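S.K.: Got my_file-v8.pdb for you, PDB, C-alpha atoms:
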ATOM      1  CA  ALA K 239     -18.820   2.622  27.933
ATOM      2  CA  GLU K 240     -15.054   2.536  28.606
ATOM      3  CA  GLY K 241     -14.289   6.122  27.719
ATOM      4  CA  TYR K 242     -16.988   6.636  25.109
ATOM      5  CA  GLY K 243     -17.943  10.303  25.039
ATOM      6  CA  ASP K 244     -21.641   9.857  25.785
ATOM      7  CA  ALA K 245     -22.772   6.594  27.354
ATOM      8  CA  ARG K 246     -26.400   7.589  26.704
ATOM      9  CA  THR K 247     -25.754   7.264  22.961
ATOM     10  CA  LEU K 248     -24.733   3.645  23.429
ATOM     11  CA  LYS K 249     -27.750   2.996  25.624
ATOM     12  CA  ARG K 250     -30.053   4.382  22.934
ATOM     13  CA  ARG K 251     -28.404   2.095  20.401
ATOM     14  CA  ILE K 252     -28.827  -0.902  22.709
ATOM     15  CA  ALA K 253     -32.500  -0.065  23.261
ATOM     16  CA  ALA K 254     -33.053   0.338  19.511
ATOM     17  CA  MET K 255     -31.413  -3.017  18.799
ATOM     18  CA  GLU K 256     -33.461  -4.757  21.496
ATOM     19  CA  GLU K 257     -36.601  -3.258  19.989
ATOM     20  CA  TRP K 258     -35.616  -4.563  16.547
ATOM     21  CA  LEU K 259     -34.768  -8.022  17.911
ATOM     22  CA  ALA K 260     -38.226  -8.218  19.447
ATOM     23  CA  ASN K 261     -39.785  -7.644  16.015
ATOM     24  CA  PRO K 262     -37.105  -7.896  13.298
ATOM     25  CA  VAL K 263     -37.855  -6.325   9.926
ATOM     26  CA  LEU K 264     -35.442  -6.548   6.999
ATOM     27  CA  MET K 265     -35.197  -4.075   4.150
ATOM     28  CA  GLU K 266     -36.767  -5.238   0.904
ATOM     29  CA  ALA K 267     -36.911  -3.787  -2.565
ATOM     30  CA  ASP K 268     -40.213  -2.247  -3.596
ATOM     31  CA  LYS K 269     -42.322  -4.542  -5.750
ATOM     32  CA  GLY K 270     -41.573  -3.863  -9.403
ATOM     33  CA  ALA K 271     -38.495  -1.782  -8.552
ATOM     34  CA  GLN K 272     -36.436  -0.780 -11.560
ATOM     35  CA  TYR K 273     -32.640  -0.792 -11.303
ATOM     36  CA  HIS K 274     -30.217   1.409 -13.207
ATOM     37  CA  LYS K 275     -27.980  -1.586 -13.892
ATOM     38  CA  VAL K 276     -27.987  -5.268 -12.974
ATOM     39  CA  TYR K 277     -24.786  -7.287 -12.619
ATOM     40  CA  GLU K 278     -24.942 -11.067 -12.668
ATOM     41  CA  ILE K 279     -21.752 -12.915 -11.709
ATOM     42  CA  ASP K 280     -21.482 -16.686 -11.911
ATOM     43  CA  LEU K 281     -19.128 -17.490  -9.032
ATOM     44  CA  ALA K 282     -18.539 -20.958 -10.459
ATOM     45  CA  THR K 283     -16.533 -19.341 -13.258
ATOM     46  CA  ILE K 284     -14.044 -17.720 -10.848
ATOM     47  CA  LYS K 285     -11.078 -20.080 -10.603
ATOM     48  CA  GLU K 286      -8.407 -17.787  -9.146
ATOM     49  CA  PRO K 287      -8.057 -14.582  -7.102
ATOM     50  CA  ILE K 288      -9.210 -11.266  -8.520
ATOM     51  CA  LEU K 289      -7.285  -8.119  -7.626
ATOM     52  CA  CYS K 290      -7.934  -4.426  -8.183
ATOM     53  CA  CYS K 291      -4.936  -2.924  -9.949
ATOM     54  CA  PRO K 292      -3.093   0.357  -9.271
ATOM     55  CA  ASN K 293      -4.576   2.768  -8.698
ATOM     56  CA  ASP K 294      -8.233   2.216  -9.495
ATOM     57  CA  PRO K 295     -10.634   0.008  -7.519
ATOM     58  CA  ASP K 296     -12.633  -0.525 -10.714
ATOM     59  CA  ASP K 297      -9.648  -1.981 -12.611
ATOM     60  CA  ALA K 298     -10.108  -5.642 -11.664
ATOM     61  CA  LYS K 299      -7.986  -8.426 -13.136
ATOM     62  CA  THR K 300      -7.223 -12.044 -12.315
ATOM     63  CA  LEU K 301      -3.914 -13.005 -10.769
ATOM     64  CA  SER K 302      -2.809 -14.670 -14.012
ATOM     65  CA  GLU K 303      -3.595 -11.559 -16.039
ATOM     66  CA  ILE K 304      -1.323  -9.424 -13.862
ATOM     67  CA  GLY K 305       1.720 -11.685 -13.606
ATOM     68  CA  GLU K 306       4.532 -11.903 -11.039
ATOM     69  CA  GLU K 307       4.817  -8.273  -9.953
ATOM     70  CA  LYS K 308       7.504  -7.479  -7.337
ATOM     71  CA  ILE K 309       5.949  -6.367  -4.042
ATOM     72  CA  ASP K 310       7.645  -4.019  -1.562
ATOM     73  CA  GLU K 311       5.045  -3.690   1.206
ATOM     74  CA  VAL K 312       1.884  -5.469   2.347
ATOM     75  CA  PHE K 313      -0.965  -4.186   4.511
ATOM     76  CA  ILE K 314      -3.390  -6.599   6.185
ATOM     77  CA  GLY K 315      -6.094  -4.619   7.956
ATOM     78  CA  SER K 316      -9.051  -2.219   7.596
ATOM     79  CA  CYS K 317     -12.767  -2.800   8.139
ATOM     80  CA  MET K 318     -12.780  -5.288   5.245
ATOM     81  CA  THR K 319     -11.044  -7.877   7.435
ATOM     82  CA  ASN K 320     -12.202 -10.096  10.266
ATOM     83  CA  ILE K 321     -10.322 -12.251  12.743
ATOM     84  CA  GLY K 322     -10.325 -15.244  10.391
ATOM     85  CA  HIS K 323      -8.205 -13.331   7.892
ATOM     86  CA  PHE K 324      -5.552 -12.622  10.527
ATOM     87  CA  ARG K 325      -5.526 -16.239  11.649
ATOM     88  CA  ALA K 326      -5.142 -17.357   8.033
ATOM     89  CA  ALA K 327      -2.258 -14.923   7.524
ATOM     90  CA  GLY K 328      -0.674 -16.185  10.728
ATOM     91  CA  GLU K 329      -0.983 -19.812   9.653
ATOM     92  CA  LEU K 330       0.724 -19.005   6.349
ATOM     93  CA  LEU K 331       3.457 -16.984   8.064
ATOM     94  CA  LYS K 332       4.041 -19.687  10.663
ATOM     95  CA  SER K 333       5.935 -21.870   8.201
ATOM     96  CA  PHE K 334       8.232 -19.025   7.086
ATOM     97  CA  ASN K 335      11.684 -18.820   8.656
ATOM     98  CA  GLY K 336      13.634 -15.575   8.917
ATOM     99  CA  GLN K 337      12.670 -12.027   8.017
ATOM    100  CA  LEU K 338      10.181 -11.366   5.241
ATOM    101  CA  PRO K 339      11.409  -9.917   1.943
ATOM    102  CA  THR K 340       8.636  -7.309   2.242
ATOM    103  CA  ARG K 341       7.529  -4.837   4.873
ATOM    104  CA  LEU K 342       4.362  -6.278   6.398
ATOM    105  CA  TRP K 343       1.851  -4.124   8.277
ATOM    106  CA  VAL K 344      -0.821  -5.799  10.437
ATOM    107  CA  ALA K 345      -3.730  -3.857  11.963
ATOM    108  CA  PRO K 346      -6.832  -5.729  13.210
ATOM    109  CA  PRO K 347     -10.048  -3.713  12.991
ATOM    110  CA  THR K 348     -10.944  -3.961  16.708
ATOM    111  CA  LYS K 349      -9.332  -4.325  20.132
ATOM    112  CA  MET K 350     -11.371  -7.493  20.604
ATOM    113  CA  ASP K 351      -9.670  -9.044  17.574
ATOM    114  CA  GLU K 352      -6.263  -7.924  18.826
ATOM    115  CA  ALA K 353      -6.826  -9.451  22.278
ATOM    116  CA  GLN K 354      -8.016 -12.771  20.877
ATOM    117  CA  LEU K 355      -5.209 -12.995  18.310
ATOM    118  CA  THR K 356      -2.693 -12.283  21.077
ATOM    119  CA  ALA K 357      -4.216 -14.971  23.289
ATOM    120  CA  GLU K 358      -4.034 -17.468  20.429
ATOM    121  CA  GLY K 359      -0.342 -16.712  19.813
ATOM    122  CA  PHE K 360      -0.656 -15.036  16.416
ATOM    123  CA  TYR K 361       1.008 -11.793  17.499
ATOM    124  CA  SER K 362       4.107 -13.837  18.336
ATOM    125  CA  ILE K 363       4.067 -15.178  14.776
ATOM    126  CA  TYR K 364       3.763 -11.677  13.318
ATOM    127  CA  GLY K 365       6.661 -10.506  15.467
ATOM    128  CA  LYS K 366       8.853 -13.461  14.536
ATOM    129  CA  VAL K 367       8.760 -12.575  10.829
ATOM    130  CA  GLY K 368       9.293  -8.864  11.475
ATOM    131  CA  ALA K 369       5.783  -7.586  10.806
ATOM    132  CA  ARG K 370       4.872  -4.134  12.085
ATOM    133  CA  THR K 371       1.680  -4.371  14.157
ATOM    134  CA  GLU K 372      -0.382  -1.191  14.319
ATOM    135  CA  MET K 373      -3.018  -0.255  16.885
ATOM    136  CA  PRO K 374      -6.455  -1.632  15.954
ATOM    137  CA  GLY K 375      -8.394   0.576  13.603
ATOM    138  CA  CYS K 376      -7.966   2.090  10.158
ATOM    139  CA  SER K 377      -4.166   2.392  10.099
ATOM    140  CA  LEU K 378      -2.787   2.688   6.538
ATOM    141  CA  CYS K 379      -6.258   2.669   4.993
ATOM    142  CA  MET K 380      -6.887   6.164   6.359
ATOM    143  CA  GLY K 381      -3.794   7.513   4.650
ATOM    144  CA  ASN K 382      -3.283  10.139   7.359
ATOM    145  CA  GLN K 383      -1.405   8.038   9.902
ATOM    146  CA  ALA K 384       1.467   5.711   8.981
ATOM    147  CA  ARG K 385       2.375   5.577   5.285
ATOM    148  CA  VAL K 386       4.134   3.147   2.996
ATOM    149  CA  ALA K 387       7.386   4.221   1.334
ATOM    150  CA  ASP K 388       7.225   6.615  -1.614
ATOM    151  CA  LYS K 389       6.653   4.826  -4.926
ATOM    152  CA  ALA K 390       6.349   1.437  -3.214
ATOM    153  CA  THR K 391       4.409  -1.389  -4.853
ATOM    154  CA  VAL K 392       1.904  -2.616  -2.302
ATOM    155  CA  VAL K 393      -0.692  -5.329  -1.740
ATOM    156  CA  SER K 394      -3.458  -4.139   0.583
ATOM    157  CA  THR K 395      -6.667  -5.587   1.993
ATOM    158  CA  SER K 396      -8.208  -2.113   2.269
ATOM    159  CA  THR K 397     -11.195  -0.874   0.303
ATOM    160  CA  ARG K 398      -9.651   1.775  -1.948
ATOM    161  CA  ASN K 399      -6.380   2.276  -3.784
ATOM    162  CA  PHE K 400      -6.731   5.826  -5.019
ATOM    163  CA  PRO K 401      -3.449   7.563  -5.979
ATOM    164  CA  ASN K 402      -1.292   8.625  -3.004
ATOM    165  CA  ARG K 403      -3.771   7.315  -0.407
ATOM    166  CA  LEU K 404      -1.463   4.753   1.224
ATOM    167  CA  GLY K 405       1.770   6.459   0.221
ATOM    168  CA  GLN K 406       3.124   9.117  -2.126
ATOM    169  CA  GLY K 407       3.346   7.658  -5.609
ATOM    170  CA  ALA K 408       2.582   4.152  -4.315
ATOM    171  CA  ASN K 409       1.131   1.537  -6.635
ATOM    172  CA  VAL K 410      -1.442  -0.437  -4.675
ATOM    173  CA  TYR K 411      -3.123  -3.741  -5.500
ATOM    174  CA  LEU K 412      -6.267  -4.615  -3.532
ATOM    175  CA  ALA K 413      -6.492  -8.298  -2.635
ATOM    176  CA  SER K 414      -7.613 -10.818  -0.033
ATOM    177  CA  ALA K 415      -5.728 -11.292   3.236
ATOM    178  CA  GLU K 416      -4.622 -14.734   2.119
ATOM    179  CA  LEU K 417      -3.131 -13.438  -1.123
ATOM    180  CA  ALA K 418      -1.592 -10.506   0.754
ATOM    181  CA  ALA K 419       0.133 -12.845   3.203
ATOM    182  CA  ILE K 420       1.454 -14.991   0.367
ATOM    183  CA  ALA K 421       2.793 -11.897  -1.426
ATOM    184  CA  ALA K 422       4.505 -10.853   1.823
ATOM    185  CA  ILE K 423       6.228 -14.246   2.010
ATOM    186  CA  LEU K 424       7.270 -14.437  -1.632
ATOM    187  CA  GLY K 425       8.091 -10.773  -2.191
ATOM    188  CA  LYS K 426       5.968 -10.799  -5.338
ATOM    189  CA  LEU K 427       2.504 -11.591  -6.567
ATOM    190  CA  PRO K 428       2.337 -15.379  -6.721
ATOM    191  CA  THR K 429       1.518 -17.436  -9.749
ATOM    192  CA  LYS K 430      -1.840 -19.136  -9.669
ATOM    193  CA  ALA K 431      -0.112 -22.448  -8.849
ATOM    194  CA  GLU K 432       1.886 -20.903  -5.980
ATOM    195  CA  TYR K 433      -1.213 -19.278  -4.584
ATOM    196  CA  MET K 434      -3.332 -22.436  -4.725
ATOM    197  CA  GLU K 435      -0.615 -24.538  -3.079
ATOM    198  CA  LEU K 436      -0.276 -22.204  -0.108
ATOM    199  CA  TYR K 437      -3.981 -21.408   0.132
ATOM    200  CA  ASN K 438      -4.898 -25.104   0.143
ATOM    201  CA  SER K 439      -2.536 -25.619   3.097
ATOM    202  CA  LEU K 440      -5.146 -23.758   5.191
ATOM    203  CA  ALA K 441      -7.837 -26.356   4.483
ATOM    204  CA  PRO K 442      -7.155 -28.743   7.420
ATOM    205  CA  LYS K 443      -7.849 -25.969   9.968
ATOM    206  CA  LYS K 444     -10.445 -24.088   7.938
ATOM    207  CA  ASP K 445     -13.289 -24.265  10.486
ATOM    208  CA  GLN K 446     -11.047 -23.175  13.357
ATOM    209  CA  THR K 447      -9.337 -20.448  11.349
ATOM    210  CA  TYR K 448     -12.477 -18.788  10.035
ATOM    211  CA  SER K 449     -14.617 -18.876  13.174
ATOM    212  CA  TYR K 450     -15.926 -15.421  13.999
ATOM    213  CA  LEU K 451     -15.940 -13.468  17.226
ATOM    214  CA  ASN K 452     -19.350 -12.414  18.512
ATOM    215  CA  PHE K 453     -19.800  -9.881  21.284
ATOM    216  CA  ASP K 454     -22.595 -11.918  22.879
ATOM    217  CA  GLN K 455     -20.185 -14.860  23.211
ATOM    218  CA  TYR K 456     -17.154 -12.915  24.421
ATOM    219  CA  GLU K 457     -16.854 -13.144  28.202
ATOM    220  CA  ASP K 458     -15.190  -9.765  28.806
ATOM    221  CA  TYR K 459     -18.083  -8.013  27.055
ATOM    222  CA  THR K 460     -20.959 -10.096  28.412
ATOM    223  CA  LYS K 461     -19.771  -9.481  31.988
ATOM    224  CA  LYS K 462     -19.770  -5.724  31.470
ATOM    225  CA  ALA K 463     -23.089  -5.784  29.630
ATOM    226  CA  LYS K 464     -24.809  -7.284  32.667
ATOM    227  CA  ASP K 465     -24.185  -4.079  34.604
ATOM    228  CA  VAL K 466     -25.702  -1.776  31.959
ATOM    229  CA  GLU K 467     -29.034  -0.285  33.005
ATOM    230  CA  ILE K 468     -31.241   1.375  30.395
ATOM    231  CA  GLY K 469     -33.832   3.806  31.675
ATOM    232  CA  ALA K 470     -37.533   3.596  30.891
ATOM    233  CA  ASP K 471     -37.387   6.888  28.971
ATOM    234  CA  ILE K 472     -34.721   5.541  26.602
ATOM    235  CA  LYS K 473     -36.681   2.324  26.042
ATOM    236  CA  ALA K 474     -39.850   4.282  25.357
ATOM    237  CA  GLY K 475     -38.016   6.486  22.873
ATOM    238  CA  ALA K 476     -36.670   3.440  21.046
ATOM    239  CA  LYS K 477     -40.134   1.889  20.883
ATOM    240  CA  GLU K 478     -41.621   5.097  19.501
ATOM    241  CA  ALA K 479     -38.874   5.503  16.897
ATOM    242  CA  TYR K 480     -39.199   1.884  15.777
ATOM    243  CA  ALA K 481     -42.970   2.153  15.432
ATOM    244  CA  ALA K 482     -42.636   5.325  13.353
ATOM    245  CA  GLN K 483     -40.011   3.788  11.077
ATOM    246  CA  TYR K 484     -41.870   0.552  10.345
ATOM    247  CA  ALA K 485     -45.445   1.741  10.597
TER     248      ALA K 485
END
Take the structure from the file and write it as structure tokens.

M.R.:
Amino acid sequence: AEGYGDARTLKRRIAAMEEWLANPVLMEADKGAQYHKVYEIDLATIKEPILCCPNDPDDAKTLSEIGEEKIDEVFIGSCMTNIGHFRAAGELLKSFNGQLPTRLWVAPPTKMDEAQLTAEGFYSIYGKVGARTEMPGCSLCMGNQARVADKATVVSTSTRNFPNRLGQGANVYLASAELAAIAAILGKLPTKAEYMELYNSLAPKKDQTYSYLNFDQYEDYTKKAKDVEIGADIKAGAKEAYAAQYA
């Protein structure tokens, strides 16, 4: 398990997943379930990016409603991102020459993402524009590791922008990785027209950019998985637990 504290825990998880794959059951609402509140959103009416404003994840506004706010720092990372977001950011940054007018932080969620992005040359792009690459994981989103400058205005792809979480007195906008990368390049929140122009430049390579990584298709992981042996007792325990849960 490459340093994992208890390999048996991973084996139990593997056995449980294999048991589920043999007879997959998805969660469903009870018939006639009553909900406290129902939200219906017509996605066809959304014509531009929506951001969450400082410092409240419930304070959502469109890009046009906010205006061209100056941006000091940008964070692209956290569990809300996948490898496609980092490729998209890299493609946008590729056309920029010189050092960015903002401080850009880049932290892929997993080592697998980091390795693939490095192999594809994106880490060279991040380095060329002066981005600070953090070790894969939570990074700034945790708020207890690296921090943005005091009172900085920030665009972040993380999940929360509560006061002082990313930095003391920081004002944090939550946005997509694409918008974050564009803000890093421009040094401000873009206009709708600026955003659409740069975002549409990703279209020719859309399928390649947004292809996901899957463990079962990643050679380094499939090779190691072949050597994993799961004992009969662990398999029996998984079978018993599955039967009890979905009886």

S.K.: May I ask for the distance between CA of Ala327 in chain K and CA of Leu412 in chain K, given in Å to one decimal place?

M.R.: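 The value is 15.6 Å.
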
S.K.: Could you spell out the hits of the PyMOL selection byres ((chain K and resi 318) around 7) on the shown file, as a ChimeraX atom specification?

M.R.: /K:316-317,319-320,395-397

S.K.: Could you turn the residues from that selection into a file that holds C-alpha atoms, as a tab-separated table (two decimals), in the coordinates of the input?

M.R.:
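Dumped to out.tsv:
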chain	number	residue	atom	x	y	z
K	316	SER	CA	-9.05	-2.22	7.60
K	317	CYS	CA	-12.77	-2.80	8.14
K	319	THR	CA	-11.04	-7.88	7.44
K	320	ASN	CA	-12.20	-10.10	10.27
K	395	THR	CA	-6.67	-5.59	1.99
K	396	SER	CA	-8.21	-2.11	2.27
K	397	THR	CA	-11.20	-0.87	0.30

S.K.: Between CA of Lys285 in chain K and CA of Tyr433 in chain K, what distance in Å does the model show, to one decimal?

M.R.: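 Separating CA of Lys285 in chain K from CA of Tyr433 in chain K is a distance of 11.6 Å.
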
S.K.: Quick one: contact table of range 269-353 of chain K to range 358-373 of chain K, 12 Å max, nearest atom pair and distance in Å to one decimal per residue, counting all atoms listed in the file, chain and number order, as JSON lines?

M.R.:
{"residue": "K:Glu311", "atom": "CA", "partner": "K:Ala369", "partner_atom": "CA", "distance": 10.4}
{"residue": "K:Val312", "atom": "CA", "partner": "K:Ala369", "partner_atom": "CA", "distance": 9.6}
{"residue": "K:Phe313", "atom": "CA", "partner": "K:Arg370", "partner_atom": "CA", "distance": 9.6}
{"residue": "K:Ile314", "atom": "CA", "partner": "K:Thr371", "partner_atom": "CA", "distance": 9.7}
{"residue": "K:Gly315", "atom": "CA", "partner": "K:Glu372", "partner_atom": "CA", "distance": 9.2}
{"residue": "K:Ser316", "atom": "CA", "partner": "K:Glu372", "partner_atom": "CA", "distance": 11.0}
{"residue": "K:Ile321", "atom": "CA", "partner": "K:Phe360", "partner_atom": "CA", "distance": 10.7}
{"residue": "K:Gly322", "atom": "CA", "partner": "K:Phe360", "partner_atom": "CA", "distance": 11.4}
{"residue": "K:His323", "atom": "CA", "partner": "K:Phe360", "partner_atom": "CA", "distance": 11.5}
{"residue": "K:Phe324", "atom": "CA", "partner": "K:Phe360", "partner_atom": "CA", "distance": 8.0}
{"residue": "K:Arg325", "atom": "CA", "partner": "K:Phe360", "partner_atom": "CA", "distance": 6.9}
{"residue": "K:Ala326", "atom": "CA", "partner": "K:Phe360", "partner_atom": "CA", "distance": 9.8}
{"residue": "K:Ala327", "atom": "CA", "partner": "K:Tyr364", "partner_atom": "CA", "distance": 9.0}
{"residue": "K:Gly328", "atom": "CA", "partner": "K:Phe360", "partner_atom": "CA", "distance": 5.8}
{"residue": "K:Glu329", "atom": "CA", "partner": "K:Phe360", "partner_atom": "CA", "distance": 8.3}
{"residue": "K:Leu330", "atom": "CA", "partner": "K:Ile363", "partner_atom": "CA", "distance": 9.8}
{"residue": "K:Leu331", "atom": "CA", "partner": "K:Ile363", "partner_atom": "CA", "distance": 7.0}
{"residue": "K:Lys332", "atom": "CA", "partner": "K:Ile363", "partner_atom": "CA", "distance": 6.1}
{"residue": "K:Ser333", "atom": "CA", "partner": "K:Ile363", "partner_atom": "CA", "distance": 9.6}
{"residue": "K:Phe334", "atom": "CA", "partner": "K:Val367", "partner_atom": "CA", "distance": 7.5}
{"residue": "K:Asn335", "atom": "CA", "partner": "K:Val367", "partner_atom": "CA", "distance": 7.2}
{"residue": "K:Gly336", "atom": "CA", "partner": "K:Val367", "partner_atom": "CA", "distance": 6.0}
{"residue": "K:Gln337", "atom": "CA", "partner": "K:Val367", "partner_atom": "CA", "distance": 4.8}
{"residue": "K:Leu338", "atom": "CA", "partner": "K:Val367", "partner_atom": "CA", "distance": 5.9}
{"residue": "K:Pro339", "atom": "CA", "partner": "K:Val367", "partner_atom": "CA", "distance": 9.6}
{"residue": "K:Thr340", "atom": "CA", "partner": "K:Ala369", "partner_atom": "CA", "distance": 9.0}
{"residue": "K:Arg341", "atom": "CA", "partner": "K:Ala369", "partner_atom": "CA", "distance": 6.8}
{"residue": "K:Leu342", "atom": "CA", "partner": "K:Ala369", "partner_atom": "CA", "distance": 4.8}
{"residue": "K:Trp343", "atom": "CA", "partner": "K:Arg370", "partner_atom": "CA", "distance": 4.9}
{"residue": "K:Val344", "atom": "CA", "partner": "K:Thr371", "partner_atom": "CA", "distance": 4.7}
{"residue": "K:Ala345", "atom": "CA", "partner": "K:Glu372", "partner_atom": "CA", "distance": 4.9}
{"residue": "K:Pro346", "atom": "CA", "partner": "K:Met373", "partner_atom": "CA", "distance": 7.6}
{"residue": "K:Pro347", "atom": "CA", "partner": "K:Met373", "partner_atom": "CA", "distance": 8.7}
{"residue": "K:Thr348", "atom": "CA", "partner": "K:Met373", "partner_atom": "CA", "distance": 8.8}
{"residue": "K:Lys349", "atom": "CA", "partner": "K:Met373", "partner_atom": "CA", "distance": 8.2}
{"residue": "K:Met350", "atom": "CA", "partner": "K:Met373", "partner_atom": "CA", "distance": 11.7}
{"residue": "K:Asp351", "atom": "CA", "partner": "K:Glu358", "partner_atom": "CA", "distance": 10.5}
{"residue": "K:Glu352", "atom": "CA", "partner": "K:Tyr361", "partner_atom": "CA", "distance": 8.3}
{"residue": "K:Ala353", "atom": "CA", "partner": "K:Glu358", "partner_atom": "CA", "distance": 8.7}

S.K.: Provide an axis-aligned box for all listed atoms of range 414-433 of chain K, padding each side by 3 Å; report its centre and its edge lengths in Å to one decimal, as JSON.

M.R.:
{"center_x": 0.2, "center_y": -16.5, "center_z": -3.3, "size_x": 21.7, "size_y": 17.9, "size_z": 19.0}

S.K.: Using all atoms listed in the file, which residues sit within 10 Å of Val410 in chain K once same-chain residues fewer than 6 positions away are excluded, as a count of residues only?

M.R.: 25

S.K.: What is the CA of Leu264 in chain K-CA of Gly475 in chain K distance in Å, reported with one decimal?

M.R.: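 Answer for the CA of Leu264 in chain K to CA of Gly475 in chain K separation: 20.7 Å.
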
S.K.: Which residue, K:Leu440, K:Ile423, K:Ala387, K:Ala418, has the smallest gap to Leu289 in chain K when you use all atoms listed in the file?

M.R.: K:Ala418

S.K.: Which residue out of K:Ala254, K:Lys430, K:Tyr437, K:Ala413 has the minimum interatomic distance to Glu303 in chain K when all atoms listed in the file are used?

M.R.: K:Lys430

S.K.: Using only C-alpha atoms, determine which residues lie at most 12 Å from Met265 in chain K, disregarding the query and same-chain residues fewer than 2 positions distant; provide the list as a short mmCIF file (atom, residue, chain, number, x, y, z; two decimals) with C-alpha atoms, in the coordinates of the input.

M.R.:
data_model
loop_
_atom_site.label_atom_id
_atom_site.label_comp_id
_atom_site.auth_asym_id
_atom_site.auth_seq_id
_atom_site.Cartn_x
_atom_site.Cartn_y
_atom_site.Cartn_z
CA PRO K 262 -37.10 -7.90 13.30
CA VAL K 263 -37.85 -6.32 9.93
CA ALA K 267 -36.91 -3.79 -2.56
CA ASP K 268 -40.21 -2.25 -3.60
CA GLN K 483 -40.01 3.79 11.08
CA TYR K 484 -41.87 0.55 10.34
#

S.K.: Given the file shown, enumerate the residues that the PyMOL selection byres ((chain K and resi 253) around 8) captures and present them as a list in words.

M.R.: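 When the PyMOL selection byres ((chain K and resi 253) around 8) is applied to the shown file, the picked residues are Lys249, Arg250, Arg251, Ile252, Ala254, Met255, Glu256, Glu257, Ile468, Ile472, Lys473 and Ala476 of chain K.
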
S.K.: Could you list, as a PyMOL selection string, every residue within 9 Å of Pro287 in chain K, counting only C-alpha atoms and ignoring same-chain residues fewer than 3 positions away?

M.R.: chain K and resi 284+299-302+413-414+417+430+433

S.K.: Compile the contact shell of Arg385 in chain K as a CSV table (one decimal) with C-alpha atoms, in the coordinates of the input: residues with an atom at most 10 Å away, counting all atoms listed in the file, same-chain residues fewer than 2 positions apart removed.

M.R.:
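Result file is around12.csv:
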chain,number,residue,atom,x,y,z
K,377,SER,CA,-4.2,2.4,10.1
K,378,LEU,CA,-2.8,2.7,6.5
K,379,CYS,CA,-6.3,2.7,5.0
K,380,MET,CA,-6.9,6.2,6.4
K,381,GLY,CA,-3.8,7.5,4.6
K,382,ASN,CA,-3.3,10.1,7.4
K,383,GLN,CA,-1.4,8.0,9.9
K,387,ALA,CA,7.4,4.2,1.3
K,388,ASP,CA,7.2,6.6,-1.6
K,402,ASN,CA,-1.3,8.6,-3.0
K,403,ARG,CA,-3.8,7.3,-0.4
K,404,LEU,CA,-1.5,4.8,1.2
K,405,GLY,CA,1.8,6.5,0.2
K,406,GLN,CA,3.1,9.1,-2.1
K,408,ALA,CA,2.6,4.2,-4.3

S.K.: Can you work out which one of K:Glu286, K:Asp445, K:Asp296, K:Ile304 has the shortest atom-to-atom distance to Leu427 in chain K, counting all atoms listed in the file?

M.R.: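 Using all atoms listed in the file, Leu427 in chain K sits closest to K:Ile304.
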